[in-house]
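Quick look at coords-v4.cif (mmCIF, C-alpha atoms and all ligand atoms):
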```
data_entry
loop_
_atom_site.group_PDB
_atom_site.id
_atom_site.type_symbol
_atom_site.label_atom_id
_atom_site.label_comp_id
_atom_site.auth_asym_id
_atom_site.auth_seq_id
_atom_site.Cartn_x
_atom_site.Cartn_y
_atom_site.Cartn_z
ATOM 1 C CA MET A 139 -106.988 -121.695 71.091
ATOM 2 C CA ASN A 140 -109.747 -119.619 69.494
ATOM 3 C CA ASP A 141 -109.922 -118.746 65.794
ATOM 4 C CA LYS A 142 -108.497 -115.257 66.270
ATOM 5 C CA ASN A 143 -105.472 -116.536 68.152
ATOM 6 C CA GLU A 144 -104.885 -119.165 65.529
ATOM 7 C CA ALA A 145 -104.947 -116.539 62.776
ATOM 8 C CA LEU A 146 -102.493 -114.330 64.694
ATOM 9 C CA ARG A 147 -100.183 -117.229 65.355
ATOM 10 C CA ASP A 148 -99.912 -118.118 61.689
ATOM 11 C CA VAL A 149 -99.152 -114.633 60.323
ATOM 12 C CA LEU A 150 -95.739 -114.531 58.673
ATOM 13 C CA LEU A 151 -94.302 -111.164 59.696
ATOM 14 C CA TYR A 152 -90.987 -111.260 57.891
ATOM 15 C CA VAL A 153 -88.042 -113.436 56.976
ATOM 16 C CA GLN A 154 -84.538 -112.631 58.210
ATOM 17 C CA LYS A 155 -81.780 -113.600 55.803
ATOM 18 C CA GLY A 156 -78.144 -114.268 56.680
ATOM 19 C CA PRO A 157 -75.419 -113.788 57.519
ATOM 20 C CA ALA A 158 -76.399 -114.087 61.154
ATOM 21 C CA ALA A 159 -75.839 -111.191 63.523
ATOM 22 C CA MET A 160 -74.598 -111.785 67.075
ATOM 23 C CA THR A 161 -78.190 -112.129 68.282
ATOM 24 C CA GLU A 162 -78.490 -115.272 66.178
ATOM 25 C CA MET A 163 -74.953 -116.574 66.874
ATOM 26 C CA SER A 164 -73.713 -118.662 69.799
ATOM 27 C CA SER A 165 -70.871 -117.511 72.016
ATOM 28 C CA HIS A 166 -68.728 -120.131 70.304
ATOM 29 C CA ASP A 167 -69.636 -118.690 66.898
ATOM 30 C CA VAL A 168 -68.511 -115.239 68.019
ATOM 31 C CA ALA A 169 -65.244 -116.606 69.448
ATOM 32 C CA ARG A 170 -64.560 -118.303 66.107
ATOM 33 C CA ALA A 171 -65.352 -115.106 64.216
ATOM 34 C CA LEU A 172 -62.957 -113.169 66.464
ATOM 35 C CA GLU A 173 -60.135 -115.364 65.191
ATOM 36 C CA ARG A 174 -60.686 -113.747 61.793
ATOM 37 C CA THR A 175 -61.662 -110.171 62.661
ATOM 38 C CA ASP A 176 -61.964 -107.637 65.460
ATOM 39 C CA VAL A 177 -64.371 -105.420 63.504
ATOM 40 C CA VAL A 178 -68.002 -105.223 64.608
ATOM 41 C CA LEU A 179 -70.776 -103.340 62.797
ATOM 42 C CA LEU A 180 -73.353 -101.995 65.234
ATOM 43 C CA PRO A 181 -76.809 -101.215 63.800
ATOM 44 C CA PHE A 182 -78.404 -98.285 65.666
ATOM 45 C CA GLY A 183 -82.169 -98.479 65.280
ATOM 46 C CA ALA A 184 -85.164 -96.721 66.781
ATOM 47 C CA LEU A 185 -88.739 -97.364 67.829
ATOM 48 C CA GLU A 186 -90.650 -94.405 66.461
ATOM 49 C CA ALA A 187 -93.720 -93.474 64.439
ATOM 50 C CA HIS A 188 -93.322 -93.410 60.660
ATOM 51 C CA GLY A 189 -96.948 -92.955 59.581
ATOM 52 C CA ASP A 190 -99.601 -95.657 59.332
ATOM 53 C CA HIS A 191 -97.741 -97.367 56.506
ATOM 54 C CA LEU A 192 -94.537 -98.439 58.295
ATOM 55 C CA PRO A 193 -93.764 -100.376 61.495
ATOM 56 C CA LEU A 194 -92.349 -98.525 64.499
ATOM 57 C CA GLY A 195 -89.124 -100.511 64.188
ATOM 58 C CA ALA A 196 -88.442 -99.438 60.584
ATOM 59 C CA ASP A 197 -85.109 -97.808 61.440
ATOM 60 C CA SER A 198 -83.878 -100.899 63.285
ATOM 61 C CA MET A 199 -84.813 -103.044 60.288
ATOM 62 C CA GLU A 200 -83.010 -100.702 57.869
ATOM 63 C CA ALA A 201 -79.843 -100.504 59.979
ATOM 64 C CA ARG A 202 -79.824 -104.296 60.330
ATOM 65 C CA GLU A 203 -80.255 -104.746 56.576
ATOM 66 C CA ILE A 204 -77.504 -102.253 55.750
ATOM 67 C CA CYS A 205 -75.124 -104.132 58.058
ATOM 68 C CA ARG A 206 -76.200 -107.483 56.624
ATOM 69 C CA ARG A 207 -75.522 -106.398 53.062
ATOM 70 C CA ALA A 208 -72.273 -104.673 53.999
ATOM 71 C CA ALA A 209 -71.041 -107.760 55.876
ATOM 72 C CA LEU A 210 -71.723 -109.945 52.827
ATOM 73 C CA GLN A 211 -69.875 -107.571 50.504
ATOM 74 C CA LEU A 212 -66.950 -107.111 52.888
ATOM 75 C CA GLU A 213 -66.597 -110.871 53.318
ATOM 76 C CA ALA A 214 -66.522 -111.280 49.539
ATOM 77 C CA ASP A 215 -63.772 -108.644 49.411
ATOM 78 C CA GLY A 216 -61.661 -110.404 52.040
ATOM 79 C CA CYS A 217 -62.497 -107.941 54.841
ATOM 80 C CA PRO A 218 -64.514 -109.958 57.376
ATOM 81 C CA VAL A 219 -66.700 -108.251 59.992
ATOM 82 C CA VAL A 220 -69.227 -109.356 62.612
ATOM 83 C CA ILE A 221 -72.721 -107.851 62.809
ATOM 84 C CA GLY A 222 -73.449 -106.805 66.376
ATOM 85 C CA PRO A 223 -76.816 -106.637 68.109
ATOM 86 C CA VAL A 224 -79.329 -104.032 66.957
ATOM 87 C CA ILE A 225 -79.639 -101.132 69.397
ATOM 88 C CA PRO A 226 -83.450 -100.960 69.302
ATOM 89 C CA PHE A 227 -83.977 -97.410 70.610
ATOM 90 C CA GLY A 228 -82.715 -93.992 69.590
ATOM 91 C CA THR A 229 -83.249 -90.372 70.491
ATOM 92 C CA SER A 230 -86.706 -89.878 68.984
ATOM 93 C CA ASN A 231 -88.110 -87.113 71.135
ATOM 94 C CA PHE A 232 -89.775 -85.295 68.247
ATOM 95 C CA HIS A 233 -92.010 -88.312 67.621
ATOM 96 C CA LEU A 234 -93.112 -88.793 71.218
ATOM 97 C CA GLY A 235 -96.503 -87.315 70.386
ATOM 98 C CA TYR A 236 -97.282 -90.440 68.357
ATOM 99 C CA ALA A 237 -98.313 -93.691 70.061
ATOM 100 C CA GLY A 238 -95.691 -96.368 70.475
ATOM 101 C CA THR A 239 -92.640 -94.146 70.118
ATOM 102 C CA VAL A 240 -89.922 -94.817 72.683
ATOM 103 C CA SER A 241 -87.145 -92.245 73.007
ATOM 104 C CA LEU A 242 -83.911 -92.396 74.943
ATOM 105 C CA LYS A 243 -82.395 -89.257 76.349
ATOM 106 C CA PRO A 244 -79.030 -88.569 74.664
ATOM 107 C CA GLU A 245 -77.170 -89.427 77.862
ATOM 108 C CA THR A 246 -79.015 -92.761 78.058
ATOM 109 C CA LEU A 247 -78.132 -93.693 74.475
ATOM 110 C CA ILE A 248 -74.520 -92.671 75.062
ATOM 111 C CA ALA A 249 -74.322 -94.775 78.232
ATOM 112 C CA LEU A 250 -76.051 -97.730 76.564
ATOM 113 C CA SER A 251 -73.718 -97.608 73.547
ATOM 114 C CA ARG A 252 -70.676 -97.332 75.809
ATOM 115 C CA ASP A 253 -71.716 -100.375 77.844
ATOM 116 C CA VAL A 254 -72.453 -102.427 74.731
ATOM 117 C CA CYS A 255 -69.083 -101.522 73.212
ATOM 118 C CA LEU A 256 -67.117 -102.105 76.407
ATOM 119 C CA SER A 257 -68.726 -105.554 76.703
ATOM 120 C CA LEU A 258 -67.780 -106.344 73.117
ATOM 121 C CA TYR A 259 -64.299 -104.996 73.836
ATOM 122 C CA GLN A 260 -64.043 -107.562 76.655
ATOM 123 C CA SER A 261 -64.863 -110.225 74.057
ATOM 124 C CA GLY A 262 -61.981 -109.042 71.899
ATOM 125 C CA PHE A 263 -63.483 -106.561 69.439
ATOM 126 C CA ARG A 264 -61.291 -103.526 68.838
ATOM 127 C CA ARG A 265 -62.799 -101.751 65.859
ATOM 128 C CA PHE A 266 -66.368 -100.489 66.145
ATOM 129 C CA VAL A 267 -68.439 -99.232 63.240
ATOM 130 C CA PHE A 268 -71.664 -97.443 64.183
ATOM 131 C CA VAL A 269 -74.321 -97.622 61.452
ATOM 132 C CA HIS A 270 -77.417 -95.519 62.014
ATOM 133 C CA GLY A 271 -80.973 -96.265 60.974
ATOM 134 C CA HIS A 272 -82.193 -93.018 62.534
ATOM 135 C CA ASP A 273 -80.232 -89.834 61.941
ATOM 136 C CA GLY A 274 -81.576 -88.228 65.128
ATOM 137 C CA SER A 275 -79.230 -90.513 67.071
ATOM 138 C CA LEU A 276 -76.073 -89.405 65.228
ATOM 139 C CA PRO A 277 -74.922 -86.775 67.755
ATOM 140 C CA SER A 278 -75.169 -89.249 70.657
ATOM 141 C CA MET A 279 -73.468 -91.950 68.591
ATOM 142 C CA MET A 280 -70.554 -89.603 67.962
ATOM 143 C CA VAL A 281 -70.169 -88.780 71.638
ATOM 144 C CA ALA A 282 -70.331 -92.493 72.507
ATOM 145 C CA ALA A 283 -67.596 -93.202 69.947
ATOM 146 C CA GLN A 284 -65.449 -90.444 71.408
ATOM 147 C CA ILE A 285 -65.877 -91.794 74.949
ATOM 148 C CA LEU A 286 -65.121 -95.335 73.814
ATOM 149 C CA VAL A 287 -61.754 -94.503 72.274
ATOM 150 C CA GLU A 288 -60.814 -92.342 75.248
ATOM 151 C CA GLU A 289 -61.475 -95.219 77.633
ATOM 152 C CA THR A 290 -59.906 -97.917 75.451
ATOM 153 C CA PRO A 291 -56.934 -96.367 73.634
ATOM 154 C CA ASP A 292 -56.317 -99.424 71.449
ATOM 155 C CA ALA A 293 -59.883 -99.314 70.106
ATOM 156 C CA GLU A 294 -61.072 -97.462 67.018
ATOM 157 C CA ALA A 295 -64.601 -96.238 66.412
ATOM 158 C CA MET A 296 -66.219 -95.002 63.241
ATOM 159 C CA VAL A 297 -69.658 -93.381 62.842
ATOM 160 C CA LEU A 298 -70.966 -93.665 59.296
ATOM 161 C CA ASN A 299 -73.625 -91.224 58.110
ATOM 162 C CA TRP A 300 -74.793 -92.806 54.871
ATOM 163 C CA LEU A 301 -77.357 -90.040 54.317
ATOM 164 C CA THR A 302 -74.507 -88.004 52.867
ATOM 165 C CA PRO A 303 -73.907 -90.189 49.780
ATOM 166 C CA LEU A 304 -77.583 -91.116 49.471
ATOM 167 C CA SER A 305 -78.808 -87.509 49.498
ATOM 168 C CA LYS A 306 -76.623 -86.764 46.472
ATOM 169 C CA VAL A 307 -78.410 -89.314 44.288
ATOM 170 C CA TYR A 308 -81.912 -89.410 45.789
ATOM 171 C CA HIS A 309 -83.281 -87.356 42.902
ATOM 172 C CA THR A 310 -82.044 -89.946 40.391
ATOM 173 C CA ILE A 311 -83.499 -93.015 42.089
ATOM 174 C CA GLN A 312 -86.822 -91.727 43.416
ATOM 175 C CA VAL A 313 -89.957 -91.110 41.381
ATOM 176 C CA SER A 314 -91.117 -88.165 43.463
ATOM 177 C CA GLN A 315 -89.867 -84.715 42.601
ATOM 178 C CA ALA A 316 -91.324 -83.328 45.819
ATOM 179 C CA THR A 317 -89.776 -83.277 49.287
ATOM 180 C CA GLU A 318 -89.359 -86.816 50.584
ATOM 181 C CA GLY A 319 -88.137 -87.398 54.106
ATOM 182 C CA HIS A 320 -88.861 -89.466 57.193
ATOM 183 C CA GLY A 321 -91.178 -92.319 56.141
ATOM 184 C CA GLY A 322 -91.379 -90.985 52.572
ATOM 185 C CA GLU A 323 -90.833 -92.701 49.231
ATOM 186 C CA GLY A 324 -87.193 -93.644 49.821
ATOM 187 C CA GLU A 325 -87.533 -95.102 53.284
ATOM 188 C CA THR A 326 -90.811 -96.870 52.485
ATOM 189 C CA SER A 327 -89.146 -98.375 49.404
ATOM 190 C CA ARG A 328 -86.268 -99.755 51.513
ATOM 191 C CA LEU A 329 -88.709 -101.408 53.903
ATOM 192 C CA LEU A 330 -90.575 -102.947 50.952
ATOM 193 C CA VAL A 331 -87.381 -104.804 50.025
ATOM 194 C CA THR A 332 -87.092 -106.682 53.301
ATOM 195 C CA HIS A 333 -90.412 -106.493 55.144
ATOM 196 C CA PRO A 334 -93.183 -106.260 52.526
ATOM 197 C CA GLU A 335 -95.715 -107.832 54.893
ATOM 198 C CA LEU A 336 -95.281 -104.891 57.283
ATOM 199 C CA VAL A 337 -95.511 -102.085 54.698
ATOM 200 C CA HIS A 338 -98.799 -100.521 53.566
ATOM 201 C CA PRO A 339 -98.053 -97.550 51.292
ATOM 202 C CA ASP A 340 -101.752 -97.065 50.484
ATOM 203 C CA ARG A 341 -102.587 -96.251 54.106
ATOM 204 C CA SER A 342 -100.844 -92.860 54.086
ATOM 205 C CA ALA A 343 -101.750 -89.986 51.799
ATOM 206 C CA PRO A 344 -98.989 -87.678 50.547
ATOM 207 C CA PHE A 345 -97.858 -85.134 53.099
ATOM 208 C CA HIS A 346 -95.446 -82.435 52.051
ATOM 209 C CA VAL A 347 -93.719 -79.485 53.597
ATOM 210 C CA THR A 348 -92.194 -76.667 51.605
ATOM 211 C CA ARG A 349 -88.593 -77.010 50.499
ATOM 212 C CA GLU A 350 -87.723 -74.252 52.917
ATOM 213 C CA GLU A 351 -89.333 -76.101 55.840
ATOM 214 C CA MET A 352 -87.663 -79.324 54.725
ATOM 215 C CA ARG A 353 -84.276 -77.664 54.613
ATOM 216 C CA LYS A 354 -84.783 -76.525 58.167
ATOM 217 C CA LEU A 355 -85.709 -80.035 59.259
ATOM 218 C CA GLN A 356 -83.157 -82.200 57.527
ATOM 219 C CA GLY A 357 -81.776 -80.334 54.559
ATOM 220 C CA PRO A 358 -78.961 -81.913 52.609
ATOM 221 C CA GLU A 359 -76.651 -79.023 53.350
ATOM 222 C CA HIS A 360 -76.860 -79.828 57.051
ATOM 223 C CA ILE A 361 -76.236 -83.481 56.381
ATOM 224 C CA LYS A 362 -73.414 -82.845 53.932
ATOM 225 C CA THR A 363 -71.566 -80.508 56.213
ATOM 226 C CA GLY A 364 -72.070 -82.692 59.258
ATOM 227 C CA GLY A 365 -73.973 -79.905 60.961
ATOM 228 C CA ALA A 366 -77.443 -80.365 62.315
ATOM 229 C CA ILE A 367 -80.447 -78.460 63.518
ATOM 230 C CA PHE A 368 -82.145 -79.349 66.757
ATOM 231 C CA TYR A 369 -85.714 -78.524 67.600
ATOM 232 C CA SER A 370 -87.720 -79.204 70.676
ATOM 233 C CA THR A 371 -90.108 -82.055 71.323
ATOM 234 C CA ARG A 372 -93.254 -82.349 69.219
ATOM 235 C CA LYS A 373 -92.350 -79.625 66.732
ATOM 236 C CA TYR A 374 -91.932 -82.143 63.925
ATOM 237 C CA PRO A 375 -94.728 -81.228 61.525
ATOM 238 C CA HIS A 376 -96.063 -84.712 60.845
ATOM 239 C CA TYR A 377 -95.107 -88.329 61.472
ATOM 240 C CA TYR A 378 -93.938 -88.809 57.899
ATOM 241 C CA ILE A 379 -93.002 -86.521 55.035
ATOM 242 C CA GLY A 380 -93.451 -87.462 51.413
ATOM 243 C CA THR A 381 -95.394 -89.796 49.163
ATOM 244 C CA PRO A 382 -95.352 -93.339 50.557
ATOM 245 C CA GLY A 383 -97.681 -94.474 47.751
ATOM 246 C CA LEU A 384 -94.840 -94.086 45.231
ATOM 247 C CA ALA A 385 -92.641 -96.601 47.049
ATOM 248 C CA ARG A 386 -91.280 -99.529 45.033
ATOM 249 C CA SER A 387 -88.936 -102.277 46.144
ATOM 250 C CA GLU A 388 -86.745 -101.545 43.077
ATOM 251 C CA THR A 389 -86.213 -98.027 44.430
ATOM 252 C CA GLY A 390 -85.313 -99.502 47.807
ATOM 253 C CA GLU A 391 -82.785 -101.835 46.180
ATOM 254 C CA LYS A 392 -81.140 -98.895 44.440
ATOM 255 C CA GLY A 393 -80.972 -96.994 47.724
ATOM 256 C CA TYR A 394 -79.392 -99.919 49.543
ATOM 257 C CA ALA A 395 -76.875 -100.348 46.727
ATOM 258 C CA VAL A 396 -75.703 -96.729 47.106
ATOM 259 C CA ILE A 397 -75.525 -96.941 50.904
ATOM 260 C CA VAL A 398 -73.704 -100.262 51.025
ATOM 261 C CA GLU A 399 -71.220 -99.406 48.288
ATOM 262 C CA TRP A 400 -70.223 -96.271 50.213
ATOM 263 C CA ILE A 401 -70.053 -97.962 53.620
ATOM 264 C CA CYS A 402 -67.929 -100.823 52.288
ATOM 265 C CA ARG A 403 -65.591 -98.423 50.476
ATOM 266 C CA VAL A 404 -65.000 -96.402 53.660
ATOM 267 C CA ILE A 405 -64.515 -99.482 55.873
ATOM 268 C CA LYS A 406 -62.133 -101.141 53.417
ATOM 269 C CA ARG A 407 -60.097 -97.970 53.066
ATOM 270 C CA ASP A 408 -60.018 -96.810 56.676
ATOM 271 C CA LEU A 409 -60.090 -100.080 58.634
ATOM 272 C CA PHE A 410 -58.456 -102.542 56.227
ATOM 273 C CA GLY A 411 -56.047 -100.220 54.393
ATOM 274 C CA ARG A 412 -57.479 -101.039 50.976
ATOM 275 C CA THR A 413 -57.008 -98.241 48.500
ATOM 276 C CA GLU A 414 -58.451 -99.723 45.297
HETATM 277 ZN ZN ZN B 1 -86.903 -94.060 59.759
#
```
Using the file provided, produce a representation of the structure as C-alpha cells.
Amino acid sequence: MNDKNEALRDVLLYVQKGPAAMTEMSSHDVARALERTDVVLLPFGALEAHGDHLPLGADSMEAREICRRAALQLEADGCPVVIGPVIPFGTSNFHLGYAGTVSLKPETLIALSRDVCLSLYQSGFRRFVFVHGHDGSLPSMMVAAQILVEETPDAEAMVLNWLTPLSKVYHTIQVSQATEGHGGEGETSRLLVTHPELVHPDRSAPFHVTREEMRKLQGPEHIKTGGAIFYSTRKYPHYYIGTPGLARSETGEKGYAVIVEWICRVIKRDLFGRTE
C-alpha cells in the first residue's frame, strides 16, 4: 500500500452513535424489538449538492440523527420505536446541475418507499413515521403514505414536516439576520454537531437571495400552510443559500432540540395516545 492509500485508509470520517438503526441490527434484534413496538421511524435522506462546505449526504445524516435522538427520547418516555433504514435518495432535480447529485423521479421515490414499507409490514410493523431530511421529497412521501394505508388498511402512516416548528424559532437560534436556507447557517450547524470532520464552513462565502426570492423558493408561509411551490430543473439560484461561516455546533444542538421535541410530542400524542 502506498503512502497516499495509507493516509486515506486512516481518515476518521465520522462516528455513529446509538441506538442502532435497522441497518446495524440483526434480524433477531428486529424480531425482539417488534415484541415491544410496531412503530418504525423512516429517515428520508438525499444525495445532493449543498455547497463546498457540506457532504452530498447531509440530508441523510440529518434525518438519521433526528430519528436517533427521537428514538432515545421516546424510549425514555415509555414509547419505544425502531429506526428504519435511511432512504439515501430524494427528489433533488433542482440540484442536478451540480456534480454528484442523484435525483429520483417522484414516481420512483413513491415506489421505493412503498416497497420498503410493505417489506417492513411483512416483518410486523404497522405504524410508519416518515421523517424527512430533504423537504423536496415531502410531496412524494405523502403520496407514498397514502398508498401504503390504502393497500394495508390496518397500517398507519405519518409524514412529519419539522420545518414548520423550526421555522418559527429560527430567528431566535441563528446568528444570521439574513436569509438562510439550503446549506446555510442552520443546516451547516446541525452537521457540525454530528459530522464535524465532513464540514468546512470556511470553504463557502455567504450567498444570499432577496427575501422576496427566498419566499418564492421556500418561504415559511408555504411551509406553515403545507403548500409548496415547484420550479423546474436547474432554476435553483445557487447550491446553498446563507452564511455557512456563521455555523456553530451549539446552534445545531438548539435546532435539533426544537425538531426532536416537536416530533416526539406528535408521535406520543397521535401514535401512543399520550396527552401530557
Ligand atoms: Zn439539506
I need the output of the PyMOL selection byres (((chain A and resi 272) around 7) and not hetatm) for this file as a compact mmCIF listing (two decimals) with C-alpha atoms, in the frame of the given file; which residues are they?
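Result file follows (result03.txt):
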```txt
# COMPACT_ATOMS: atom_id res chain seq x y z
CA GLY A 183 -82.17 -98.48 65.28
CA ALA A 184 -85.16 -96.72 66.78
CA ASP A 197 -85.11 -97.81 61.44
CA HIS A 270 -77.42 -95.52 62.01
CA GLY A 271 -80.97 -96.26 60.97
CA ASP A 273 -80.23 -89.83 61.94
CA GLY A 274 -81.58 -88.23 65.13
CA SER A 275 -79.23 -90.51 67.07
```
### Message
Which residues are near ligand ZN 1 (chain B) in this structure, taking near to mean any atom at most 12 Å from a ligand atom and counting only C-alpha atoms and all ligand atoms? Format them as number ranges by chain.
### Response
A: 182-189, 191-201, 227-230, 233, 239, 270-275, 301, 318-329, 377-379
Could those residues be written to a file, using C-alpha atoms, as a PDB file, keeping the file's coordinate frame?
```pdb
ATOM      1  CA  PHE A 182     -78.404 -98.285  65.666  1.00  0.00           C
ATOM      2  CA  GLY A 183     -82.169 -98.479  65.280  1.00  0.00           C
ATOM      3  CA  ALA A 184     -85.164 -96.721  66.781  1.00  0.00           C
ATOM      4  CA  LEU A 185     -88.739 -97.364  67.829  1.00  0.00           C
ATOM      5  CA  GLU A 186     -90.650 -94.405  66.461  1.00  0.00           C
ATOM      6  CA  ALA A 187     -93.720 -93.474  64.439  1.00  0.00           C
ATOM      7  CA  HIS A 188     -93.322 -93.410  60.660  1.00  0.00           C
ATOM      8  CA  GLY A 189     -96.948 -92.955  59.581  1.00  0.00           C
ATOM      9  CA  HIS A 191     -97.741 -97.367  56.506  1.00  0.00           C
ATOM     10  CA  LEU A 192     -94.537 -98.439  58.295  1.00  0.00           C
ATOM     11  CA  PRO A 193     -93.764-100.376  61.495  1.00  0.00           C
ATOM     12  CA  LEU A 194     -92.349 -98.525  64.499  1.00  0.00           C
ATOM     13  CA  GLY A 195     -89.124-100.511  64.188  1.00  0.00           C
ATOM     14  CA  ALA A 196     -88.442 -99.438  60.584  1.00  0.00           C
ATOM     15  CA  ASP A 197     -85.109 -97.808  61.440  1.00  0.00           C
ATOM     16  CA  SER A 198     -83.878-100.899  63.285  1.00  0.00           C
ATOM     17  CA  MET A 199     -84.813-103.044  60.288  1.00  0.00           C
ATOM     18  CA  GLU A 200     -83.010-100.702  57.869  1.00  0.00           C
ATOM     19  CA  ALA A 201     -79.843-100.504  59.979  1.00  0.00           C
ATOM     20  CA  PHE A 227     -83.977 -97.410  70.610  1.00  0.00           C
ATOM     21  CA  GLY A 228     -82.715 -93.992  69.590  1.00  0.00           C
ATOM     22  CA  THR A 229     -83.249 -90.372  70.491  1.00  0.00           C
ATOM     23  CA  SER A 230     -86.706 -89.878  68.984  1.00  0.00           C
ATOM     24  CA  HIS A 233     -92.010 -88.312  67.621  1.00  0.00           C
ATOM     25  CA  THR A 239     -92.640 -94.146  70.118  1.00  0.00           C
ATOM     26  CA  HIS A 270     -77.417 -95.519  62.014  1.00  0.00           C
ATOM     27  CA  GLY A 271     -80.973 -96.265  60.974  1.00  0.00           C
ATOM     28  CA  HIS A 272     -82.193 -93.018  62.534  1.00  0.00           C
ATOM     29  CA  ASP A 273     -80.232 -89.834  61.941  1.00  0.00           C
ATOM     30  CA  GLY A 274     -81.576 -88.228  65.128  1.00  0.00           C
ATOM     31  CA  SER A 275     -79.230 -90.513  67.071  1.00  0.00           C
ATOM     32  CA  LEU A 301     -77.357 -90.040  54.317  1.00  0.00           C
ATOM     33  CA  GLU A 318     -89.359 -86.816  50.584  1.00  0.00           C
ATOM     34  CA  GLY A 319     -88.137 -87.398  54.106  1.00  0.00           C
ATOM     35  CA  HIS A 320     -88.861 -89.466  57.193  1.00  0.00           C
ATOM     36  CA  GLY A 321     -91.178 -92.319  56.141  1.00  0.00           C
ATOM     37  CA  GLY A 322     -91.379 -90.985  52.572  1.00  0.00           C
ATOM     38  CA  GLU A 323     -90.833 -92.701  49.231  1.00  0.00           C
ATOM     39  CA  GLY A 324     -87.193 -93.644  49.821  1.00  0.00           C
ATOM     40  CA  GLU A 325     -87.533 -95.102  53.284  1.00  0.00           C
ATOM     41  CA  THR A 326     -90.811 -96.870  52.485  1.00  0.00           C
ATOM     42  CA  SER A 327     -89.146 -98.375  49.404  1.00  0.00           C
ATOM     43  CA  ARG A 328     -86.268 -99.755  51.513  1.00  0.00           C
ATOM     44  CA  LEU A 329     -88.709-101.408  53.903  1.00  0.00           C
ATOM     45  CA  TYR A 377     -95.107 -88.329  61.472  1.00  0.00           C
ATOM     46  CA  TYR A 378     -93.938 -88.809  57.899  1.00  0.00           C
ATOM     47  CA  ILE A 379     -93.002 -86.521  55.035  1.00  0.00           C
TER      48      ILE A 379
END
```
### From A:Ala214, A:Thr348, A:His376, A:Arg341, residue lying nearest A:Leu234 [all atoms listed in the file]
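Looking only at the distances to A:Leu234, the closest residue turns out to be A:His376.
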### Message
Would you pick out the contacts of A:Met280 at 12 Å or less, using all atoms listed in the file, so that residues sharing its chain but fewer than 3 positions from it are not included, and give the list as a VMD selection string?
### Response
chain A and resid 182 244 to 245 247 to 248 251 to 252 266 to 270 273 to 277 283 to 287 295 to 299 364
Written selection (C-alpha atoms) as a JSON list (two decimals), in the coordinates of the input:
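What follows is the written file result-v1.json:
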```
[["chain", "number", "residue", "atom", "x", "y", "z"],
["A", 182, "PHE", "CA", -78.40, -98.28, 65.67],
["A", 244, "PRO", "CA", -79.03, -88.57, 74.66],
["A", 245, "GLU", "CA", -77.17, -89.43, 77.86],
["A", 247, "LEU", "CA", -78.13, -93.69, 74.47],
["A", 248, "ILE", "CA", -74.52, -92.67, 75.06],
["A", 251, "SER", "CA", -73.72, -97.61, 73.55],
["A", 252, "ARG", "CA", -70.68, -97.33, 75.81],
["A", 266, "PHE", "CA", -66.37, -100.49, 66.14],
["A", 267, "VAL", "CA", -68.44, -99.23, 63.24],
["A", 268, "PHE", "CA", -71.66, -97.44, 64.18],
["A", 269, "VAL", "CA", -74.32, -97.62, 61.45],
["A", 270, "HIS", "CA", -77.42, -95.52, 62.01],
["A", 273, "ASP", "CA", -80.23, -89.83, 61.94],
["A", 274, "GLY", "CA", -81.58, -88.23, 65.13],
["A", 275, "SER", "CA", -79.23, -90.51, 67.07],
["A", 276, "LEU", "CA", -76.07, -89.40, 65.23],
["A", 277, "PRO", "CA", -74.92, -86.78, 67.76],
["A", 283, "ALA", "CA", -67.60, -93.20, 69.95],
["A", 284, "GLN", "CA", -65.45, -90.44, 71.41],
["A", 285, "ILE", "CA", -65.88, -91.79, 74.95],
["A", 286, "LEU", "CA", -65.12, -95.34, 73.81],
["A", 287, "VAL", "CA", -61.75, -94.50, 72.27],
["A", 295, "ALA", "CA", -64.60, -96.24, 66.41],
["A", 296, "MET", "CA", -66.22, -95.00, 63.24],
["A", 297, "VAL", "CA", -69.66, -93.38, 62.84],
["A", 298, "LEU", "CA", -70.97, -93.66, 59.30],
["A", 299, "ASN", "CA", -73.62, -91.22, 58.11],
["A", 364, "GLY", "CA", -72.07, -82.69, 59.26]]
```
### Message
Please determine, counting only C-alpha atoms, which residue among A:Arg412, A:Asp190, A:Glu203, A:Glu289 has the shortest atom-to-atom distance to A:Ala237.
### Response
A:Asp190
### Query
In Å to one decimal, how far is atom CA of A:Pro344 from atom CA of A:Tyr308?
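Atom CA of A:Pro344 lies at a distance of 17.8 Å from atom CA of A:Tyr308.
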### Summary
Taken to one decimal, the atom CA of A:Ser387-atom CA of A:Phe232 distance is 27.9 Å
### Query
Of the candidates A:Ile405, A:Thr389, A:Leu210, A:Glu350, which shows the shortest atom-to-atom distance to A:Glu294, using all atoms listed in the file?
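When distances to A:Glu294 are compared using all atoms listed in the file, the smallest one comes from A:Ile405.
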### the PyMOL selection byres (((chain A and resi 403) around 12) and not hetatm) applied to the shown file, residues as a list in words
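For this structure, the PyMOL selection byres (((chain A and resi 403) around 12) and not hetatm) resolves to Ala208, Gln211, Leu212, Asp215, Cys217, Leu298, Trp300, Pro303, Val396, Ile397, Val398, Glu399, Trp400, Ile401, Cys402, Val404, Ile405, Lys406, Arg407, Asp408, Leu409, Phe410, Gly411, Arg412, Thr413 and Glu414 of chain A.
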### Task
Record the distance separating atom CA of A:Ala169 and atom CA of A:Ile221, expressed in Å with one decimal.
13.3 Å
### Task
Tell me, as an NGL selection string, which residues lie within 10 Å of A:Val307, counting only C-alpha atoms; anything in the same chain fewer than 5 positions away does not count.
:A and (302 or 312 or 392-393 or 396)
### Summary
One residue among A:Asn231, A:Val331, A:Glu351, A:Leu304 is nearest to A:Glu388 when using only C-alpha atoms, and that residue is A:Val331
### Query
For A:Asp253, which residue out of A:Met160, A:Ala316, A:Ile204, A:Ile225 is the nearest one, using all atoms listed in the file?
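The closest residue to A:Asp253 is A:Ile225.
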#### Entry: Spatial neighbours of A:Val219, 8 Å, all atoms listed in the file, chain gap at least 4 places, as number ranges by chain
A: 175-179, 209, 212-213
Keeping only C-alpha atoms, take the residues you just selected and write them out as a tab-separated table (two decimals), in the frame of the given file.
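Printed below is out.tsv as written:
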```
chain	number	residue	atom	x	y	z
A	175	THR	CA	-61.66	-110.17	62.66
A	176	ASP	CA	-61.96	-107.64	65.46
A	177	VAL	CA	-64.37	-105.42	63.50
A	178	VAL	CA	-68.00	-105.22	64.61
A	179	LEU	CA	-70.78	-103.34	62.80
A	209	ALA	CA	-71.04	-107.76	55.88
A	212	LEU	CA	-66.95	-107.11	52.89
A	213	GLU	CA	-66.60	-110.87	53.32
```
